[in-house]
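Raw final_3.txt, compact mmCIF, C-alpha atoms:
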```
# COMPACT_ATOMS: atom_id res chain seq x y z
CA MET A 3 -21.98 8.06 45.73
CA SER A 4 -20.36 8.06 42.32
CA LYS A 5 -19.64 4.74 40.66
CA LYS A 6 -16.06 3.56 40.40
CA PRO A 7 -14.58 3.63 36.86
CA ASN A 8 -14.47 0.27 35.07
CA ILE A 9 -10.93 -0.79 34.21
CA ALA A 10 -10.20 -3.56 31.69
CA VAL A 11 -6.99 -5.55 32.17
CA ILE A 12 -6.40 -7.15 28.79
CA ALA A 13 -4.34 -10.31 28.27
CA GLY A 14 -3.86 -13.09 25.73
CA GLY A 15 -3.30 -12.12 22.13
CA ASP A 16 -2.34 -13.96 18.98
CA SER A 17 1.37 -14.64 19.40
CA SER A 18 3.42 -17.46 20.93
CA GLU A 19 3.47 -15.40 24.12
CA PHE A 20 -0.21 -16.05 24.95
CA ILE A 21 0.49 -17.98 28.18
CA VAL A 22 3.02 -15.43 29.46
CA SER A 23 0.55 -12.63 28.72
CA VAL A 24 -2.21 -14.39 30.68
CA LYS A 25 0.16 -14.58 33.67
CA SER A 26 1.09 -10.90 33.25
CA GLY A 27 -2.59 -10.00 33.09
CA ALA A 28 -3.38 -11.94 36.27
CA ASN A 29 -0.58 -10.18 38.15
CA VAL A 30 -1.61 -6.71 36.96
CA PHE A 31 -5.28 -7.50 37.67
CA SER A 32 -4.44 -8.39 41.28
CA ALA A 33 -2.55 -5.07 41.62
CA VAL A 34 -5.47 -2.87 40.50
CA ASP A 35 -6.75 -0.83 43.46
CA THR A 36 -10.30 -2.05 44.06
CA THR A 37 -11.07 0.85 46.44
CA LYS A 38 -10.75 3.21 43.44
CA TYR A 39 -11.78 1.14 40.43
CA THR A 40 -13.92 -1.79 39.36
CA ARG A 41 -11.56 -4.19 37.58
CA TRP A 42 -12.42 -6.68 34.84
CA LEU A 43 -10.16 -9.26 33.25
CA VAL A 44 -10.48 -9.51 29.47
CA HIS A 45 -8.85 -12.32 27.48
CA MET A 46 -8.43 -12.02 23.73
CA LYS A 47 -7.52 -14.72 21.24
CA GLY A 48 -8.40 -14.19 17.60
CA GLU A 49 -12.11 -13.36 17.38
CA GLU A 50 -12.78 -14.57 20.93
CA TRP A 51 -12.89 -11.64 23.35
CA GLY A 52 -14.33 -12.53 26.73
CA VAL A 53 -14.62 -11.23 30.28
CA PHE A 54 -13.31 -13.75 32.81
CA GLN A 55 -13.91 -14.25 36.50
CA ASN A 56 -12.17 -17.08 38.41
CA ASP A 57 -11.06 -18.67 35.12
CA GLU A 58 -14.64 -18.72 33.82
CA LYS A 59 -15.97 -16.69 30.94
CA ILE A 60 -18.86 -14.59 32.22
CA ALA A 61 -19.51 -12.38 29.20
CA VAL A 62 -18.54 -11.70 25.59
CA ILE A 63 -17.07 -8.33 24.58
CA ASP A 64 -19.06 -6.37 22.01
CA LYS A 65 -16.29 -5.25 19.61
CA SER A 66 -18.37 -2.37 18.24
CA ASP A 67 -17.76 -0.34 21.42
CA PHE A 68 -15.69 -2.61 23.71
CA SER A 69 -18.54 -3.15 26.17
CA PHE A 70 -20.31 -6.19 27.60
CA ARG A 71 -23.61 -7.07 29.21
CA LEU A 72 -23.93 -8.66 32.62
CA ASN A 73 -27.25 -9.36 34.37
CA GLY A 74 -29.04 -7.14 31.88
CA GLU A 75 -26.70 -4.21 32.48
CA LYS A 76 -24.39 -2.76 29.82
CA ILE A 77 -20.87 -2.19 31.14
CA THR A 78 -18.43 0.17 29.39
CA PHE A 79 -14.78 0.84 30.18
CA ALA A 80 -13.09 4.06 31.27
CA PHE A 81 -9.56 2.70 30.75
CA ALA A 82 -7.74 -0.28 29.20
CA TYR A 83 -4.61 -1.72 30.80
CA ILE A 84 -2.95 -3.73 28.00
CA THR A 85 -0.78 -6.71 29.00
CA ILE A 86 -0.72 -8.49 25.65
CA HIS A 87 2.83 -9.31 24.50
CA GLY A 88 3.06 -9.48 20.72
CA THR A 89 0.16 -8.88 18.35
CA PRO A 90 -2.37 -7.21 18.66
CA GLY A 91 -1.39 -5.54 21.95
CA GLU A 92 2.22 -4.57 21.33
CA ASP A 93 2.23 -3.66 17.64
CA GLY A 94 -0.30 -0.80 17.58
CA ILE A 95 -3.37 -2.69 16.37
CA LEU A 96 -5.25 -2.62 19.69
CA GLN A 97 -4.05 0.93 20.32
CA ALA A 98 -5.63 2.08 17.05
CA TYR A 99 -8.89 0.36 18.00
CA PHE A 100 -8.98 2.12 21.37
CA ASP A 101 -8.09 5.47 19.74
CA LEU A 102 -11.13 5.08 17.48
CA LEU A 103 -13.32 4.35 20.50
CA LYS A 104 -11.68 7.15 22.51
CA ILE A 105 -10.81 4.79 25.37
CA PRO A 106 -7.51 5.71 27.08
CA TYR A 107 -4.96 2.92 27.53
CA SER A 108 -1.75 2.13 29.40
CA THR A 109 0.77 1.76 26.58
CA CYS A 110 2.57 3.70 23.86
CA SER A 111 0.64 5.22 20.96
CA VAL A 112 -0.14 3.45 17.67
CA GLN A 113 2.91 4.95 15.94
CA THR A 114 5.36 4.16 18.74
CA SER A 115 4.02 0.63 19.25
CA SER A 116 4.30 -0.26 15.57
CA LEU A 117 7.77 1.33 15.28
CA THR A 118 9.25 -0.44 18.32
CA PHE A 119 7.61 -3.78 17.47
CA ASN A 120 9.40 -3.85 14.12
CA LYS A 121 13.00 -4.38 15.25
CA TRP A 122 14.44 -3.45 11.85
CA PHE A 123 12.57 -0.12 11.66
CA CYS A 124 13.32 0.66 15.30
CA ASN A 125 17.03 -0.13 14.96
CA ASN A 126 17.44 2.10 11.93
CA TYR A 127 15.43 4.90 13.52
CA LEU A 128 17.47 4.83 16.76
CA ARG A 129 20.74 4.48 14.87
CA SER A 130 20.07 7.94 13.41
CA PHE A 131 20.30 9.34 16.97
CA GLY A 132 23.65 7.66 17.53
CA VAL A 133 22.33 4.78 19.67
CA LYS A 134 24.96 1.99 19.59
CA MET A 135 23.84 -1.45 18.42
CA ALA A 136 25.00 -4.56 16.58
CA LYS A 137 25.19 -4.59 12.79
CA SER A 138 22.22 -6.41 11.28
CA VAL A 139 20.60 -7.46 8.03
CA LYS A 140 16.98 -8.32 7.28
CA ILE A 141 15.83 -11.18 5.07
CA SER A 142 12.17 -11.39 4.06
CA LYS A 143 10.30 -14.65 3.52
CA GLY A 144 10.96 -15.99 0.04
CA GLU A 145 14.22 -14.06 -0.43
CA LYS A 146 17.29 -16.02 -1.48
CA ILE A 147 19.56 -16.92 1.45
CA ASP A 148 23.30 -16.55 0.81
CA SER A 149 24.74 -18.03 4.00
CA SER A 150 28.42 -17.48 3.16
CA GLU A 151 27.74 -13.81 2.29
CA ILE A 152 25.94 -13.31 5.61
CA ALA A 153 28.84 -14.90 7.52
CA LYS A 154 31.33 -12.73 5.63
CA ASN A 155 29.43 -9.51 6.40
CA LEU A 156 28.55 -10.10 10.03
CA GLY A 157 31.06 -12.72 11.16
CA LEU A 158 30.12 -15.76 13.25
CA PRO A 159 28.41 -16.41 15.58
CA VAL A 160 25.27 -14.42 14.70
CA PHE A 161 21.84 -14.18 16.29
CA ILE A 162 18.92 -14.91 13.97
CA LYS A 163 15.55 -13.76 15.25
CA PRO A 164 12.06 -12.88 14.04
CA ASN A 165 11.80 -9.19 13.13
CA ALA A 166 8.48 -8.91 14.97
CA GLY A 167 7.98 -11.04 18.05
CA GLY A 168 9.08 -11.44 21.61
CA SER A 169 9.87 -13.70 24.55
CA SER A 170 12.81 -15.08 22.55
CA PHE A 171 10.62 -17.31 20.38
CA GLY A 172 12.28 -18.30 17.10
CA ILE A 173 15.74 -17.04 18.10
CA THR A 174 18.86 -19.06 17.31
CA LYS A 175 22.50 -18.41 18.07
CA VAL A 176 24.31 -19.66 14.98
CA LYS A 177 27.98 -20.64 15.01
CA LYS A 178 28.38 -22.40 11.66
CA VAL A 179 27.58 -21.31 8.11
CA ASP A 180 25.39 -24.37 7.45
CA GLU A 181 23.19 -23.50 10.46
CA ILE A 182 22.22 -20.11 9.01
CA GLU A 183 19.49 -21.23 6.61
CA PRO A 184 17.57 -23.48 9.08
CA ALA A 185 17.72 -20.68 11.67
CA ILE A 186 16.25 -18.19 9.19
CA ASN A 187 13.44 -20.64 8.40
CA LYS A 188 12.76 -20.97 12.13
CA ALA A 189 12.53 -17.18 12.51
CA TRP A 190 10.17 -17.02 9.52
CA GLU A 191 7.71 -19.22 11.44
CA GLU A 192 7.20 -16.29 13.87
CA SER A 193 7.50 -13.34 11.48
CA ASN A 194 7.66 -12.58 7.74
CA ASP A 195 11.13 -11.11 8.19
CA ALA A 196 14.21 -12.57 9.84
CA LEU A 197 16.78 -10.31 11.44
CA ILE A 198 20.38 -11.46 11.46
CA GLU A 199 22.49 -9.65 14.04
CA GLN A 200 26.19 -9.57 14.66
CA PHE A 201 27.07 -11.29 17.94
CA ILE A 202 28.36 -8.98 20.65
CA ASP A 203 30.11 -10.91 23.38
CA GLY A 204 29.09 -9.18 26.58
CA SER A 205 26.75 -9.23 29.56
CA GLU A 206 23.03 -8.62 29.34
CA PHE A 207 21.22 -5.84 31.20
CA THR A 208 17.72 -4.43 31.15
CA CYS A 209 16.17 -1.24 32.47
CA GLY A 210 12.50 -0.38 32.91
CA LEU A 211 11.03 3.09 33.22
CA VAL A 212 7.87 5.16 33.04
CA LYS A 213 7.25 8.87 32.56
CA ILE A 214 4.01 10.29 33.90
CA GLY A 215 3.47 14.00 33.34
CA ASP A 216 6.67 15.73 34.47
CA ASP A 217 7.66 12.78 36.62
CA LYS A 218 10.25 10.39 35.24
CA ILE A 219 10.68 7.18 37.17
CA ILE A 220 13.69 5.20 35.96
CA PHE A 221 13.83 1.79 37.59
CA PRO A 222 17.04 0.12 38.79
CA VAL A 223 18.97 -1.82 36.13
CA THR A 224 18.77 -5.64 36.20
CA GLU A 225 21.72 -7.86 35.34
CA ILE A 226 20.97 -11.18 33.64
CA VAL A 227 23.31 -14.12 34.16
CA THR A 228 22.09 -17.08 32.14
CA LYS A 229 23.31 -20.68 32.16
CA ASN A 230 22.07 -21.07 28.57
CA GLU A 231 23.87 -19.80 25.47
CA PHE A 232 21.73 -16.67 25.65
CA PHE A 233 18.67 -15.38 27.47
CA ASP A 234 16.20 -17.59 25.61
CA PHE A 235 12.60 -18.53 26.45
CA GLU A 236 13.72 -21.25 28.85
CA ALA A 237 16.08 -18.87 30.67
CA LYS A 238 13.29 -16.30 30.89
CA TYR A 239 10.56 -18.47 32.32
CA ILE A 240 12.08 -21.58 33.93
CA PRO A 241 13.32 -20.90 37.47
CA GLY A 242 17.02 -21.47 38.05
CA VAL A 243 18.14 -21.27 34.42
CA ALA A 244 18.99 -17.59 34.72
CA GLU A 245 20.00 -15.44 37.63
CA GLU A 246 18.47 -11.96 37.61
CA ILE A 247 20.21 -9.47 39.85
CA THR A 248 18.40 -6.22 40.72
CA PRO A 249 19.99 -3.76 41.18
CA ALA A 250 22.74 -4.85 38.77
CA ARG A 251 26.31 -5.17 40.04
CA LEU A 252 27.61 -2.23 38.03
CA PRO A 253 29.79 0.72 38.99
CA LYS A 254 27.68 3.84 39.64
CA ASP A 255 28.72 5.56 36.38
CA LEU A 256 27.72 2.58 34.20
CA PHE A 257 24.50 2.00 36.17
CA GLU A 258 23.49 5.63 35.54
CA LYS A 259 24.67 5.47 31.92
CA CYS A 260 22.26 2.57 31.28
CA GLN A 261 19.41 4.49 32.95
CA ASN A 262 20.21 7.65 30.95
CA ILE A 263 20.34 5.83 27.59
CA SER A 264 17.00 4.18 28.47
CA SER A 265 15.51 7.57 29.24
CA GLU A 266 16.77 8.99 25.91
CA ILE A 267 15.40 6.01 23.95
CA TYR A 268 12.03 6.45 25.73
CA ASP A 269 11.97 10.06 24.52
CA PHE A 270 13.28 9.35 20.99
CA CYS A 271 10.49 6.80 20.50
CA GLU A 272 7.92 8.99 22.32
CA CYS A 273 7.02 6.13 24.62
CA GLU A 274 4.20 6.10 27.15
CA GLY A 275 3.45 3.76 30.03
CA ILE A 276 5.94 1.27 31.44
CA VAL A 277 8.62 0.30 28.94
CA ARG A 278 11.71 -1.91 29.23
CA VAL A 279 14.92 -1.52 27.20
CA ASP A 280 17.40 -4.40 26.80
CA TYR A 281 21.17 -4.14 26.22
CA ILE A 282 24.44 -5.99 25.90
CA LEU A 283 27.37 -4.41 27.74
CA LYS A 284 30.81 -4.78 26.13
CA ASP A 285 33.90 -2.70 26.93
CA ASN A 286 31.82 -0.28 29.02
CA GLU A 287 29.48 0.44 26.10
CA PHE A 288 25.80 -0.48 26.14
CA TYR A 289 24.62 -1.94 22.83
CA PHE A 290 20.88 -1.59 22.33
CA LEU A 291 18.90 -4.82 21.77
CA GLU A 292 15.23 -3.84 21.83
CA VAL A 293 12.42 -1.79 23.35
CA ASN A 294 9.57 -3.74 24.99
CA THR A 295 6.45 -1.58 25.13
CA THR A 296 4.29 -4.17 26.93
CA PRO A 297 6.98 -5.86 29.01
CA GLY A 298 6.33 -8.99 31.06
CA MET A 299 4.42 -8.29 34.27
CA THR A 300 4.34 -11.77 35.82
CA GLU A 301 5.39 -12.03 39.46
CA THR A 302 8.92 -13.01 38.40
CA SER A 303 9.26 -10.57 35.46
CA PHE A 304 11.89 -7.82 35.48
CA ILE A 305 9.52 -4.86 35.87
CA PRO A 306 7.85 -6.03 39.11
CA GLN A 307 11.36 -6.93 40.42
CA GLN A 308 12.67 -3.47 39.57
CA ILE A 309 9.64 -1.70 41.08
CA ALA A 310 10.06 -3.72 44.30
CA ALA A 311 13.79 -2.88 44.40
CA MET A 312 12.82 0.82 44.44
CA GLY A 313 10.67 0.22 47.51
CA LEU A 314 7.49 0.82 45.50
CA THR A 315 4.56 -1.53 44.90
CA LEU A 316 3.07 -2.60 41.60
CA LYS A 317 -0.27 -1.31 42.90
CA GLU A 318 1.17 2.23 43.33
CA MET A 319 2.64 2.25 39.81
CA ILE A 320 -0.52 0.91 38.17
CA THR A 321 -2.70 3.36 40.08
CA ARG A 322 -0.58 6.26 38.82
CA ILE A 323 -0.78 5.03 35.21
CA ILE A 324 -4.56 4.56 35.37
CA ASP A 325 -5.13 7.92 37.11
CA ASN A 326 -2.99 9.67 34.51
CA GLY A 327 -4.98 8.01 31.69
CA LEU A 328 -8.33 8.93 33.25
CA ASN A 329 -7.40 12.58 33.67
```

Can you give me the file's structure in the form of C-alpha cells?
Amino acid sequence: MSKKPNIAVIAGGDSSEFIVSVKSGANVFSAVDTTKYTRWLVHMKGEEWGVFQNDEKIAVIDKSDFSFRLNGEKITFAFAYITIHGTPGEDGILQAYFDLLKIPYSTCSVQTSSLTFNKWFCNNYLRSFGVKMAKSVKISKGEKIDSSEIAKNLGLPVFIKPNAGGSSFGITKVKKVDEIEPAINKAWEESNDALIEQFIDGSEFTCGLVKIGDDKIIFPVTEIVTKNEFFDFEAKYIPGVAEEITPARLPKDLFEKCQNISSEIYDFCECEGIVRVDYILKDNEFYFLEVNTTPGMTETSFIPQQIAAMGLTLKEMITRIIDNGLN
C-alpha cells in the first residue's frame, strides 16, 4: 500500500492578522480529506516554525528543506496549503521559498502575490485594463503630509489605509481635514506606505472564485451590511456587527456582472487557488477595492459561506486544489 502524501496546512505569520490566520488554518485543516492525505498543521511566527497537534508543538520545521523529524523519522511535504493572511504568506515571500524547494502550494505565484498585496501597484495595474476604482494617492513614511491638498484632490470623507496589510487593520474613515495626518500615522504603523482613497458612497460586495485547469468556479456574491461606519475589523470578526448575505440581494444582471468582473480580475492578475475580490457598488457600477489571495477561511468567513451556498463542501474544494497541485 502506498503512503498517503503529507500535506502541510500553514497558518500564523507576522502581521496583525495572526489570530485570524490560526483560525483559518484550523478550519482548513479540519477540511483536509484524511482518507487521501496525511495532514499536518504548521504554525509560523518569525523564526519559530513548528508542527502542532492538539495545540501542542510536536516538532520544529527544518527550514533548509521544510521537513521535520518525528520519532526518528524524517517527514517531508508533498504540498503546502497556505492560510497565512499578510506577510509572509500573502505577499510572495513564502511562495518564493516553496518555489526554490519545488514544493507545490495552494495560492497565487510569487509575482501575483506580491502585486496584489501592494494595493497601490495592483490598483494602477488593473486601472490599465479599465477596471473601475476610487481615485487614490500614496504617501510613504517620512514624506511631508499636506492635509488640505489631499482634501482638495480627493474630497472628504476619504479612507486612509496601509498599502500592504489586511483585515482592515490601520484603516480610518476621515471626515475632517485635521484627522488626515493622525490617520496616515496610524496606517504607517502597519505599512511603510499609506493609501488615501476617495470615498465612494455605496454598498459593499465580495465575490470568491477559483480556477482549476479548465474549470472555473465562481462563487455566489456576498452582500455586506455593516452597522459600523465601514466594514472594519470589528465588523469582520465580531458576530452581529455586520450582516453578511449570501447570495447577495442583487438583480441577476448585477450579480453576474460582479462575478464576471471578478473572473476578469483573476485572469488579469494570473491568480491561482481561491481568491476573493471586494467591491463597492454605486449607481450600478462595481468599484474595485482589493484582491485577497489568501482570503479568510474561518468558519464564518465569506469563502466557506459562499462555497456552502453553492451546495459544495470546503472538503471538496480543498481536495480539488490539493489534487491539482500534486498532479

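Using only C-alpha atoms, the protein and nucleic acid residues lying no more than 10 Å from A:Ile147, apart from those fewer than 5 places from it along its own chain, are Ile141, Ser142, Ile152, Ile182, Glu183, Ile186 and Asn187 of chain A.
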
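Within the 9 Å cut-off around stretch 41-56 of chain A, using only C-alpha atoms and omitting residues fewer than 5 positions from it on the same chain, the listed residues are A:Pro7, A:Asn8, A:Ile9, A:Ala10, A:Val11, A:Ile12, A:Ala13, A:Gly14, A:Gly15, A:Asp16, A:Phe20, A:Val24, A:Gly27, A:Ala28, A:Phe31, A:Val34, A:Asp35, A:Thr36, A:Ala61, A:Val62, A:Ile63, A:Asp64, A:Lys65, A:Phe70, A:Ile86.
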
Q.
I'd like the contact shell of A:Cys124 - 10 Å cut-off, all atoms listed in the file, skipping same-chain residues fewer than 4 positions apart - returned as a list in words.
A. Thr114, Ser116, Leu117, Thr118, Phe119, Asn120, Leu128, Arg129, Cys271, Glu292 and Val293 of chain A

**Q.** Near-A:Glu92 list (8 Å; all atoms listed in the file; drop same-chain fewer than 2 positions) as a list in words
**A.** Ile86, His87, Gly88, Thr89, Pro90, Gly94, Ile95, Leu96, Ser115, Ser116, Phe119, Thr295 and Thr296 of chain A

Q) Which residue gives the smallest distance to A:Val279 among A:Cys209, A:Ala166, A:Val30, A:Ala189, with all atoms listed in the file counted? A) A:Cys209

I'd like the contact shell of A:Asp269 - 12 Å cut-off, only C-alpha atoms, skipping same-chain residues fewer than 6 positions apart - returned as a short mmCIF file (atom, residue, chain, number, x, y, z; two decimals) with C-alpha atoms, in the coordinates of the input.
```cif
data_model
loop_
_atom_site.label_atom_id
_atom_site.label_comp_id
_atom_site.auth_asym_id
_atom_site.auth_seq_id
_atom_site.Cartn_x
_atom_site.Cartn_y
_atom_site.Cartn_z
CA CYS A 110 2.57 3.70 23.86
CA THR A 114 5.36 4.16 18.74
CA LEU A 128 17.47 4.83 16.76
CA PHE A 131 20.30 9.34 16.97
CA LEU A 211 11.03 3.09 33.22
CA VAL A 212 7.87 5.16 33.04
CA LYS A 213 7.25 8.87 32.56
CA LYS A 218 10.25 10.39 35.24
CA ASN A 262 20.21 7.65 30.95
CA ILE A 263 20.34 5.83 27.59
CA GLY A 275 3.45 3.76 30.03
CA VAL A 277 8.62 0.30 28.94
CA VAL A 293 12.42 -1.79 23.35
#
```

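Between A:Lys229 and the candidates A:Lys38, A:Lys259, A:Phe290, A:Glu246, the tightest atom-to-atom separation, counting all atoms listed in the file, involves A:Glu246.
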
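Put simply, atom CA of A:Ser26 is 12.9 Å away from atom CA of A:Ile320.
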
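The residue that comes closest to A:Ile162, out of A:Pro184, A:Gly74, A:Pro249, A:Gly298 and on the basis of all atoms listed in the file, is A:Pro184.
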